[in-house]
Amino acid sequence: MILVLRALGVGDLATAVPALRALRRAFPGEPLTLAAPRWLAPLAELTGAVDALLPCTGLDDELPELHPAVAVNLHGRGPQSHWLLETARPEWTLGFGSGGPHWRPDEHEVLRWCRMLQWYGLSPDPDDLSLTRPPSPRPGATIVHPGSKSGLRRWPADRFAATARALTALGHDVVVTGSSAEAALAHRVAREAGLSPATVLAGRTGLRDLAGLVGHARLLVSGDTGIAHLATAYGTPSVVLFGPVPPRLWGPPPDRQQHVAIWRGRGSEPGDTPSETPHPALLAVEVGEVVAAARRIAGWRRSPRSMAPS
């Protein structure tokens with residue numbers, strides 16, 4: 001068994017896909033088990049690299065003594081994540097430090113894990129980000145996703161609403177997504193945009209349905225959060241608003257012109273510190289700029305490696 005620790009969120013799992021596929025190729029005869037939150041199981045299945053999910057909510061958990069042939073730390077630099085993996089009693093552990101490569105704080109999340117595995121002799125492809133595309137509950141929709149785990153990364157609701165209103169006027173079928181906890185925010189954005197309550201899908205889509213929605217969408221407008229990484233995986237045109245973490249650390253590949261990353265910051269800061277106030281880099285982004293970017297890319301083909309307009 002190959003045991004991989006990545007007990008984080010949607011974007012974290014999506015950025016680890018090249019590393020997971022490299023492990024699958026390197027150990028074709030071994031089942032690959034991912035230690036991650038149970039609710040990520042549908043996304044793990046869409047990677048095509050994971051055979052089983054071992055429920056793990058974070059570093060306070062303890063893993064069963066599975067005695068895997070190889071344990072891989074795709075969670076962090078340690079030491080807590082290293083200690084957690086060791087509770088499984090692996091024969092061999094791959095990770096940063098402790099005989100492995102050095103951690104670089106100023107490195108894109110996809111490239112970080114690819115570099116780590118390259119150090120151990122594996123051959124990950126950092127462009128291998130695609131996911132299996134499930135059916136969509138609303139093909140061709142334009143998604144406005146106003147939520148984010150941290151208020152620092154949340155563009156103001158009234159600006160999302162103004163963007164949704166402008167896109168609707170341009171003929172887009174706009175829906176507003178989010179988690180159950182973000183339903184009130186989504187309804188506020190829809191109401192201020194003049195959209196009906198039926199356009200609010202927040203809390204009404206499971207992870208697989210959300211992936212299908214993004215995979216068949218016309219466009220996504222969101223902050224720097226998990227759904228943006230689904231747009232990258234499916235090549236869905238996206239406008240992603242960054243702040244405080246710059247896109248060079250978590251953004252879409254810069255050579256994929258169907259994705260626009262907007263950032264007005266000057267340096268990288270923690271992205272999940274408690275705050276209900278958007279980062280100044282986000283407050284510097286105007287609605288007109290977002291709508292203009294959306295108009296420019298909305299006709300591009302939905303292919304992860306597509307570089308030509310349809």
# chains A, B, ... in the order shown; residues from 1 in each chain; ligands from 1
>>> closest_atom_pairs(of="stretch 81-154 of chain A", to="stretch 171-183 of chain A", cutoff="9 Å", atoms="only C-alpha atoms", output="tab-separated table")
residue	atom	partner	partner_atom	distance
A:Gly140	CA	A:Asp173	CA	7.4
A:Ala141	CA	A:Asp173	CA	5.0
A:Thr142	CA	A:Val174	CA	4.7
A:Ile143	CA	A:Val175	CA	5.1
A:Val144	CA	A:Val176	CA	4.9
A:His145	CA	A:Thr177	CA	5.1
A:Pro146	CA	A:Gly178	CA	7.3
A:Gly147	CA	A:Gly178	CA	6.1
A:Ser148	CA	A:Gly178	CA	8.5
>>> write_last_selection(atoms="all heavy atoms", output="PDB file, in the first residue's frame")
ATOM      1  N   GLY A 140     -23.377  24.951 -19.096  1.00  0.00           N
ATOM      2  CA  GLY A 140     -23.252  26.256 -19.722  1.00  0.00           C
ATOM      3  C   GLY A 140     -23.474  27.439 -18.814  1.00  0.00           C
ATOM      4  O   GLY A 140     -23.470  28.590 -19.275  1.00  0.00           O
ATOM      5  N   ALA A 141     -23.645  27.199 -17.515  1.00  0.00           N
ATOM      6  CA  ALA A 141     -23.879  28.312 -16.587  1.00  0.00           C
ATOM      7  C   ALA A 141     -22.596  29.101 -16.362  1.00  0.00           C
ATOM      8  O   ALA A 141     -21.485  28.590 -16.522  1.00  0.00           O
ATOM      9  CB  ALA A 141     -24.405  27.777 -15.257  1.00  0.00           C
ATOM     10  N   THR A 142     -22.763  30.346 -15.981  1.00  0.00           N
ATOM     11  CA  THR A 142     -21.651  31.160 -15.485  1.00  0.00           C
ATOM     12  C   THR A 142     -21.755  31.183 -13.964  1.00  0.00           C
ATOM     13  O   THR A 142     -22.805  31.539 -13.409  1.00  0.00           O
ATOM     14  CB  THR A 142     -21.701  32.579 -16.051  1.00  0.00           C
ATOM     15  OG1 THR A 142     -21.285  32.543 -17.424  1.00  0.00           O
ATOM     16  CG2 THR A 142     -20.795  33.529 -15.289  1.00  0.00           C
ATOM     17  N   ILE A 143     -20.671  30.804 -13.298  1.00  0.00           N
ATOM     18  CA  ILE A 143     -20.676  30.642 -11.845  1.00  0.00           C
ATOM     19  C   ILE A 143     -20.066  31.864 -11.179  1.00  0.00           C
ATOM     20  O   ILE A 143     -18.941  32.271 -11.506  1.00  0.00           O
ATOM     21  CB  ILE A 143     -19.874  29.387 -11.446  1.00  0.00           C
ATOM     22  CG1 ILE A 143     -20.437  28.146 -12.138  1.00  0.00           C
ATOM     23  CG2 ILE A 143     -19.870  29.210  -9.933  1.00  0.00           C
ATOM     24  CD1 ILE A 143     -19.502  26.951 -12.049  1.00  0.00           C
ATOM     25  N   VAL A 144     -20.792  32.421 -10.254  1.00  0.00           N
ATOM     26  CA  VAL A 144     -20.256  33.455  -9.366  1.00  0.00           C
ATOM     27  C   VAL A 144     -20.174  32.837  -7.978  1.00  0.00           C
ATOM     28  O   VAL A 144     -21.183  32.377  -7.434  1.00  0.00           O
ATOM     29  CB  VAL A 144     -21.146  34.711  -9.367  1.00  0.00           C
ATOM     30  CG1 VAL A 144     -20.702  35.701  -8.294  1.00  0.00           C
ATOM     31  CG2 VAL A 144     -21.115  35.372 -10.744  1.00  0.00           C
ATOM     32  N   HIS A 145     -18.967  32.809  -7.433  1.00  0.00           N
ATOM     33  CA  HIS A 145     -18.724  32.140  -6.139  1.00  0.00           C
ATOM     34  C   HIS A 145     -18.147  33.170  -5.170  1.00  0.00           C
ATOM     35  O   HIS A 145     -16.946  33.418  -5.166  1.00  0.00           O
ATOM     36  CB  HIS A 145     -17.756  30.978  -6.340  1.00  0.00           C
ATOM     37  CG  HIS A 145     -17.581  30.116  -5.125  1.00  0.00           C
ATOM     38  ND1 HIS A 145     -18.342  28.992  -4.888  1.00  0.00           N
ATOM     39  CD2 HIS A 145     -16.734  30.230  -4.073  1.00  0.00           C
ATOM     40  CE1 HIS A 145     -17.962  28.438  -3.750  1.00  0.00           C
ATOM     41  NE2 HIS A 145     -16.990  29.166  -3.229  1.00  0.00           N
ATOM     42  N   PRO A 146     -18.984  33.788  -4.336  1.00  0.00           N
ATOM     43  CA  PRO A 146     -18.513  34.894  -3.497  1.00  0.00           C
ATOM     44  C   PRO A 146     -17.821  34.483  -2.201  1.00  0.00           C
ATOM     45  O   PRO A 146     -17.204  35.321  -1.546  1.00  0.00           O
ATOM     46  CB  PRO A 146     -19.802  35.660  -3.188  1.00  0.00           C
ATOM     47  CG  PRO A 146     -20.864  34.601  -3.203  1.00  0.00           C
ATOM     48  CD  PRO A 146     -20.451  33.626  -4.282  1.00  0.00           C
ATOM     49  N   GLY A 147     -17.915  33.224  -1.811  1.00  0.00           N
ATOM     50  CA  GLY A 147     -17.413  32.817  -0.503  1.00  0.00           C
ATOM     51  C   GLY A 147     -15.948  32.457  -0.499  1.00  0.00           C
ATOM     52  O   GLY A 147     -15.309  32.239  -1.528  1.00  0.00           O
ATOM     53  N   SER A 148     -15.411  32.359   0.716  1.00  0.00           N
ATOM     54  CA  SER A 148     -14.044  31.912   0.950  1.00  0.00           C
ATOM     55  C   SER A 148     -13.913  31.633   2.432  1.00  0.00           C
ATOM     56  O   SER A 148     -14.617  32.239   3.252  1.00  0.00           O
ATOM     57  CB  SER A 148     -13.023  32.975   0.522  1.00  0.00           C
ATOM     58  OG  SER A 148     -11.703  32.518   0.756  1.00  0.00           O
TER      59      SER A 148
END
>>> select_by_dssp(residues="stretch 71-199 of chain A", states="strand (DSSP E)", output="PDB file with all heavy atoms, in the first residue's frame")
ATOM      1  N   ALA A  71       4.893   5.703   2.722  1.00  0.00           N
ATOM      2  CA  ALA A  71       4.026   6.776   3.199  1.00  0.00           C
ATOM      3  C   ALA A  71       4.550   8.088   2.633  1.00  0.00           C
ATOM      4  O   ALA A  71       5.772   8.324   2.641  1.00  0.00           O
ATOM      5  CB  ALA A  71       3.996   6.828   4.723  1.00  0.00           C
ATOM      6  N   VAL A  72       3.659   8.922   2.125  1.00  0.00           N
ATOM      7  CA  VAL A  72       4.068  10.149   1.443  1.00  0.00           C
ATOM      8  C   VAL A  72       3.399  11.338   2.111  1.00  0.00           C
ATOM      9  O   VAL A  72       2.167  11.391   2.218  1.00  0.00           O
ATOM     10  CB  VAL A  72       3.692  10.108  -0.052  1.00  0.00           C
ATOM     11  CG1 VAL A  72       4.253  11.335  -0.773  1.00  0.00           C
ATOM     12  CG2 VAL A  72       4.199   8.825  -0.697  1.00  0.00           C
ATOM     13  N   ASN A  73       4.205  12.284   2.552  1.00  0.00           N
ATOM     14  CA  ASN A  73       3.677  13.475   3.201  1.00  0.00           C
ATOM     15  C   ASN A  73       3.479  14.573   2.162  1.00  0.00           C
ATOM     16  O   ASN A  73       4.418  15.295   1.810  1.00  0.00           O
ATOM     17  CB  ASN A  73       4.631  13.952   4.298  1.00  0.00           C
ATOM     18  CG  ASN A  73       4.030  15.070   5.134  1.00  0.00           C
ATOM     19  OD1 ASN A  73       3.009  15.647   4.774  1.00  0.00           O
ATOM     20  ND2 ASN A  73       4.657  15.388   6.245  1.00  0.00           N
ATOM     21  N   THR A  93       9.248   6.471   4.185  1.00  0.00           N
ATOM     22  CA  THR A  93       8.485   7.717   4.179  1.00  0.00           C
ATOM     23  C   THR A  93       9.143   8.727   3.255  1.00  0.00           C
ATOM     24  O   THR A  93      10.366   8.930   3.310  1.00  0.00           O
ATOM     25  CB  THR A  93       8.381   8.310   5.595  1.00  0.00           C
ATOM     26  OG1 THR A  93       7.761   7.354   6.464  1.00  0.00           O
ATOM     27  CG2 THR A  93       7.547   9.590   5.594  1.00  0.00           C
ATOM     28  N   LEU A  94       8.339   9.374   2.410  1.00  0.00           N
ATOM     29  CA  LEU A  94       8.807  10.444   1.531  1.00  0.00           C
ATOM     30  C   LEU A  94       8.244  11.763   2.043  1.00  0.00           C
ATOM     31  O   LEU A  94       7.046  11.867   2.322  1.00  0.00           O
ATOM     32  CB  LEU A  94       8.334  10.223   0.094  1.00  0.00           C
ATOM     33  CG  LEU A  94       8.532   8.851  -0.548  1.00  0.00           C
ATOM     34  CD1 LEU A  94       8.106   8.897  -2.006  1.00  0.00           C
ATOM     35  CD2 LEU A  94       9.953   8.387  -0.414  1.00  0.00           C
ATOM     36  N   THR A 142     -22.763  30.346 -15.981  1.00  0.00           N
ATOM     37  CA  THR A 142     -21.651  31.160 -15.485  1.00  0.00           C
ATOM     38  C   THR A 142     -21.755  31.183 -13.964  1.00  0.00           C
ATOM     39  O   THR A 142     -22.805  31.539 -13.409  1.00  0.00           O
ATOM     40  CB  THR A 142     -21.701  32.579 -16.051  1.00  0.00           C
ATOM     41  OG1 THR A 142     -21.285  32.543 -17.424  1.00  0.00           O
ATOM     42  CG2 THR A 142     -20.795  33.529 -15.289  1.00  0.00           C
ATOM     43  N   ILE A 143     -20.671  30.804 -13.298  1.00  0.00           N
ATOM     44  CA  ILE A 143     -20.676  30.642 -11.845  1.00  0.00           C
ATOM     45  C   ILE A 143     -20.066  31.864 -11.179  1.00  0.00           C
ATOM     46  O   ILE A 143     -18.941  32.271 -11.506  1.00  0.00           O
ATOM     47  CB  ILE A 143     -19.874  29.387 -11.446  1.00  0.00           C
ATOM     48  CG1 ILE A 143     -20.437  28.146 -12.138  1.00  0.00           C
ATOM     49  CG2 ILE A 143     -19.870  29.210  -9.933  1.00  0.00           C
ATOM     50  CD1 ILE A 143     -19.502  26.951 -12.049  1.00  0.00           C
ATOM     51  N   VAL A 144     -20.792  32.421 -10.254  1.00  0.00           N
ATOM     52  CA  VAL A 144     -20.256  33.455  -9.366  1.00  0.00           C
ATOM     53  C   VAL A 144     -20.174  32.837  -7.978  1.00  0.00           C
ATOM     54  O   VAL A 144     -21.183  32.377  -7.434  1.00  0.00           O
ATOM     55  CB  VAL A 144     -21.146  34.711  -9.367  1.00  0.00           C
ATOM     56  CG1 VAL A 144     -20.702  35.701  -8.294  1.00  0.00           C
ATOM     57  CG2 VAL A 144     -21.115  35.372 -10.744  1.00  0.00           C
ATOM     58  N   HIS A 145     -18.967  32.809  -7.433  1.00  0.00           N
ATOM     59  CA  HIS A 145     -18.724  32.140  -6.139  1.00  0.00           C
ATOM     60  C   HIS A 145     -18.147  33.170  -5.170  1.00  0.00           C
ATOM     61  O   HIS A 145     -16.946  33.418  -5.166  1.00  0.00           O
ATOM     62  CB  HIS A 145     -17.756  30.978  -6.340  1.00  0.00           C
ATOM     63  CG  HIS A 145     -17.581  30.116  -5.125  1.00  0.00           C
ATOM     64  ND1 HIS A 145     -18.342  28.992  -4.888  1.00  0.00           N
ATOM     65  CD2 HIS A 145     -16.734  30.230  -4.073  1.00  0.00           C
ATOM     66  CE1 HIS A 145     -17.962  28.438  -3.750  1.00  0.00           C
ATOM     67  NE2 HIS A 145     -16.990  29.166  -3.229  1.00  0.00           N
ATOM     68  N   VAL A 174     -26.345  33.074 -15.050  1.00  0.00           N
ATOM     69  CA  VAL A 174     -25.539  33.186 -13.827  1.00  0.00           C
ATOM     70  C   VAL A 174     -26.158  32.382 -12.690  1.00  0.00           C
ATOM     71  O   VAL A 174     -27.371  32.473 -12.432  1.00  0.00           O
ATOM     72  CB  VAL A 174     -25.379  34.656 -13.400  1.00  0.00           C
ATOM     73  CG1 VAL A 174     -24.630  34.767 -12.069  1.00  0.00           C
ATOM     74  CG2 VAL A 174     -24.635  35.445 -14.481  1.00  0.00           C
ATOM     75  N   VAL A 175     -25.319  31.589 -12.018  1.00  0.00           N
ATOM     76  CA  VAL A 175     -25.705  30.923 -10.777  1.00  0.00           C
ATOM     77  C   VAL A 175     -24.702  31.329  -9.696  1.00  0.00           C
ATOM     78  O   VAL A 175     -23.568  31.707  -9.993  1.00  0.00           O
ATOM     79  CB  VAL A 175     -25.733  29.384 -10.931  1.00  0.00           C
ATOM     80  CG1 VAL A 175     -26.788  28.964 -11.941  1.00  0.00           C
ATOM     81  CG2 VAL A 175     -24.366  28.838 -11.308  1.00  0.00           C
ATOM     82  N   VAL A 176     -25.151  31.246  -8.455  1.00  0.00           N
ATOM     83  CA  VAL A 176     -24.307  31.637  -7.321  1.00  0.00           C
ATOM     84  C   VAL A 176     -24.085  30.405  -6.447  1.00  0.00           C
ATOM     85  O   VAL A 176     -25.054  29.788  -5.980  1.00  0.00           O
ATOM     86  CB  VAL A 176     -24.950  32.768  -6.499  1.00  0.00           C
ATOM     87  CG1 VAL A 176     -23.966  33.287  -5.442  1.00  0.00           C
ATOM     88  CG2 VAL A 176     -25.384  33.912  -7.413  1.00  0.00           C
TER      89      VAL A 176
END
>>> closest_residue(among="A:Arg165, A:Arg266, A:His279, A:Arg204", to="A:Val291", atoms="only C-alpha atoms")
A:Arg165
>>> residues_around(residues="A:Glu65", least_positions_apart="2", cutoff="8 Å", atoms="only C-alpha atoms", output="PyMOL selection string")
chain A and resi 63+67+87-89
>>> residues_around(residues="A:Arg188", least_positions_apart="2", cutoff="10 Å", atoms="only C-alpha atoms", output="VMD selection string")
chain A and resid 157 to 158 160 to 161 176 183 to 186 190 to 195 197 200
>>> closest_residue(among="A:Arg159, A:His216, A:Arg21, A:Arg138", to="A:Ser123", atoms="only C-alpha atoms")
A:Arg21
>>> residues_around(residues="A:Thr15", least_positions_apart="4", cutoff="10 Å", atoms="only C-alpha atoms", output="number ranges by chain")
A: 10-11, 19-20, 108-113, 126, 128-129, 226, 229-230, 232-233, 250-252
>>> closest_residue(among="A:Gly76, A:Leu122, A:Cys56, A:Trp39", to="A:Phe27", atoms="only C-alpha atoms")
A:Leu122
>>> residues_around(residues="stretch 1-4 of chain A", least_positions_apart="2", cutoff="7 Å", atoms="only C-alpha atoms", output="list in words")
Arg6, Glu30, Pro31, Leu32, Thr33, Leu34, Ala35, Pro68, Ala69, Val70, Ala71, Val72, Asn73 and Leu74 of chain A
>>> decode(residues="stretch 194-227 of chain A", atoms="N, CA and C atoms", output="JSON list (two decimals), in the first residue's frame")
[["chain", "number", "residue", "atom", "x", "y", "z"],
["A", 194, "GLY", "N", -30.32, 41.09, -8.73],
["A", 194, "GLY", "CA", -31.60, 40.98, -9.41],
["A", 194, "GLY", "C", -31.87, 39.58, -9.93],
["A", 195, "LEU", "N", -31.21, 38.58, -9.35],
["A", 195, "LEU", "CA", -31.41, 37.19, -9.76],
["A", 195, "LEU", "C", -32.46, 36.52, -8.89],
["A", 196, "SER", "N", -33.10, 35.50, -9.41],
["A", 196, "SER", "CA", -34.11, 34.78, -8.64],
["A", 196, "SER", "C", -33.44, 33.86, -7.62],
["A", 197, "PRO", "N", -34.15, 33.50, -6.55],
["A", 197, "PRO", "CA", -33.60, 32.56, -5.57],
["A", 197, "PRO", "C", -33.20, 31.22, -6.18],
["A", 198, "ALA", "N", -33.82, 30.85, -7.30],
["A", 198, "ALA", "CA", -33.51, 29.57, -7.94],
["A", 198, "ALA", "C", -32.09, 29.53, -8.49],
["A", 199, "THR", "N", -31.48, 30.70, -8.67],
["A", 199, "THR", "CA", -30.10, 30.71, -9.19],
["A", 199, "THR", "C", -29.08, 30.44, -8.09],
["A", 200, "VAL", "N", -29.51, 30.42, -6.85],
["A", 200, "VAL", "CA", -28.60, 30.18, -5.73],
["A", 200, "VAL", "C", -28.45, 28.68, -5.51],
["A", 201, "LEU", "N", -27.28, 28.17, -5.78],
["A", 201, "LEU", "CA", -27.00, 26.74, -5.61],
["A", 201, "LEU", "C", -26.18, 26.47, -4.35],
["A", 202, "ALA", "N", -25.88, 27.49, -3.59],
["A", 202, "ALA", "CA", -25.09, 27.32, -2.36],
["A", 202, "ALA", "C", -25.79, 26.37, -1.41],
["A", 203, "GLY", "N", -25.06, 25.34, -0.97],
["A", 203, "GLY", "CA", -25.62, 24.36, -0.06],
["A", 203, "GLY", "C", -26.49, 23.31, -0.72],
["A", 204, "ARG", "N", -26.65, 23.39, -2.05],
["A", 204, "ARG", "CA", -27.53, 22.46, -2.76],
["A", 204, "ARG", "C", -26.78, 21.55, -3.71],
["A", 205, "THR", "N", -25.45, 21.67, -3.78],
["A", 205, "THR", "CA", -24.66, 20.83, -4.67],
["A", 205, "THR", "C", -23.60, 20.09, -3.86],
["A", 206, "GLY", "N", -23.56, 18.78, -4.02],
["A", 206, "GLY", "CA", -22.46, 18.02, -3.44],
["A", 206, "GLY", "C", -21.19, 18.29, -4.23],
["A", 207, "LEU", "N", -20.09, 17.74, -3.75],
["A", 207, "LEU", "CA", -18.80, 18.04, -4.37],
["A", 207, "LEU", "C", -18.73, 17.52, -5.80],
["A", 208, "ARG", "N", -19.29, 16.34, -6.05],
["A", 208, "ARG", "CA", -19.26, 15.81, -7.41],
["A", 208, "ARG", "C", -20.12, 16.68, -8.35],
["A", 209, "ASP", "N", -21.29, 17.10, -7.89],
["A", 209, "ASP", "CA", -22.13, 17.98, -8.71],
["A", 209, "ASP", "C", -21.45, 19.32, -8.95],
["A", 210, "LEU", "N", -20.76, 19.84, -7.92],
["A", 210, "LEU", "CA", -20.04, 21.10, -8.09],
["A", 210, "LEU", "C", -18.95, 20.96, -9.14],
["A", 211, "ALA", "N", -18.23, 19.83, -9.10],
["A", 211, "ALA", "CA", -17.20, 19.59, -10.12],
["A", 211, "ALA", "C", -17.82, 19.54, -11.51],
["A", 212, "GLY", "N", -18.97, 18.87, -11.64],
["A", 212, "GLY", "CA", -19.65, 18.82, -12.93],
["A", 212, "GLY", "C", -20.11, 20.19, -13.38],
["A", 213, "LEU", "N", -20.61, 20.99, -12.44],
["A", 213, "LEU", "CA", -21.05, 22.34, -12.76],
["A", 213, "LEU", "C", -19.89, 23.16, -13.31],
["A", 214, "VAL", "N", -18.73, 23.09, -12.63],
["A", 214, "VAL", "CA", -17.56, 23.84, -13.09],
["A", 214, "VAL", "C", -17.03, 23.27, -14.40],
["A", 215, "GLY", "N", -17.03, 21.94, -14.50],
["A", 215, "GLY", "CA", -16.47, 21.31, -15.69],
["A", 215, "GLY", "C", -17.22, 21.63, -16.97],
["A", 216, "HIS", "N", -18.50, 21.98, -16.86],
["A", 216, "HIS", "CA", -19.31, 22.29, -18.04],
["A", 216, "HIS", "C", -19.75, 23.77, -18.03],
["A", 217, "ALA", "N", -19.10, 24.59, -17.22],
["A", 217, "ALA", "CA", -19.51, 25.99, -17.10],
["A", 217, "ALA", "C", -18.97, 26.83, -18.26],
["A", 218, "ARG", "N", -19.63, 27.94, -18.49],
["A", 218, "ARG", "CA", -19.14, 28.92, -19.46],
["A", 218, "ARG", "C", -18.01, 29.74, -18.86],
["A", 219, "LEU", "N", -18.12, 30.02, -17.56],
["A", 219, "LEU", "CA", -17.18, 30.94, -16.92],
["A", 219, "LEU", "C", -17.30, 30.80, -15.40],
["A", 220, "LEU", "N", -16.21, 31.05, -14.69],
["A", 220, "LEU", "CA", -16.22, 31.14, -13.23],
["A", 220, "LEU", "C", -15.62, 32.47, -12.81],
["A", 221, "VAL", "N", -16.28, 33.12, -11.86],
["A", 221, "VAL", "CA", -15.71, 34.29, -11.18],
["A", 221, "VAL", "C", -15.69, 33.98, -9.70],
["A", 222, "SER", "N", -14.51, 34.01, -9.10],
["A", 222, "SER", "CA", -14.41, 33.64, -7.69],
["A", 222, "SER", "C", -13.18, 34.28, -7.06],
["A", 223, "GLY", "N", -13.09, 34.12, -5.75],
["A", 223, "GLY", "CA", -11.86, 34.46, -5.05],
["A", 223, "GLY", "C", -10.90, 33.29, -5.09],
["A", 224, "ASP", "N", -9.80, 33.45, -4.37],
["A", 224, "ASP", "CA", -8.77, 32.43, -4.28],
["A", 224, "ASP", "C", -9.23, 31.34, -3.32],
["A", 225, "THR", "N", -9.99, 30.39, -3.85],
["A", 225, "THR", "CA", -10.53, 29.32, -3.02],
["A", 225, "THR", "C", -10.66, 28.05, -3.87],
["A", 226, "GLY", "N", -11.15, 26.96, -3.27],
["A", 226, "GLY", "CA", -11.09, 25.66, -3.91],
["A", 226, "GLY", "C", -11.71, 25.58, -5.28],
["A", 227, "ILE", "N", -12.84, 26.23, -5.50],
["A", 227, "ILE", "CA", -13.54, 26.13, -6.78],
["A", 227, "ILE", "C", -12.69, 26.66, -7.93]]
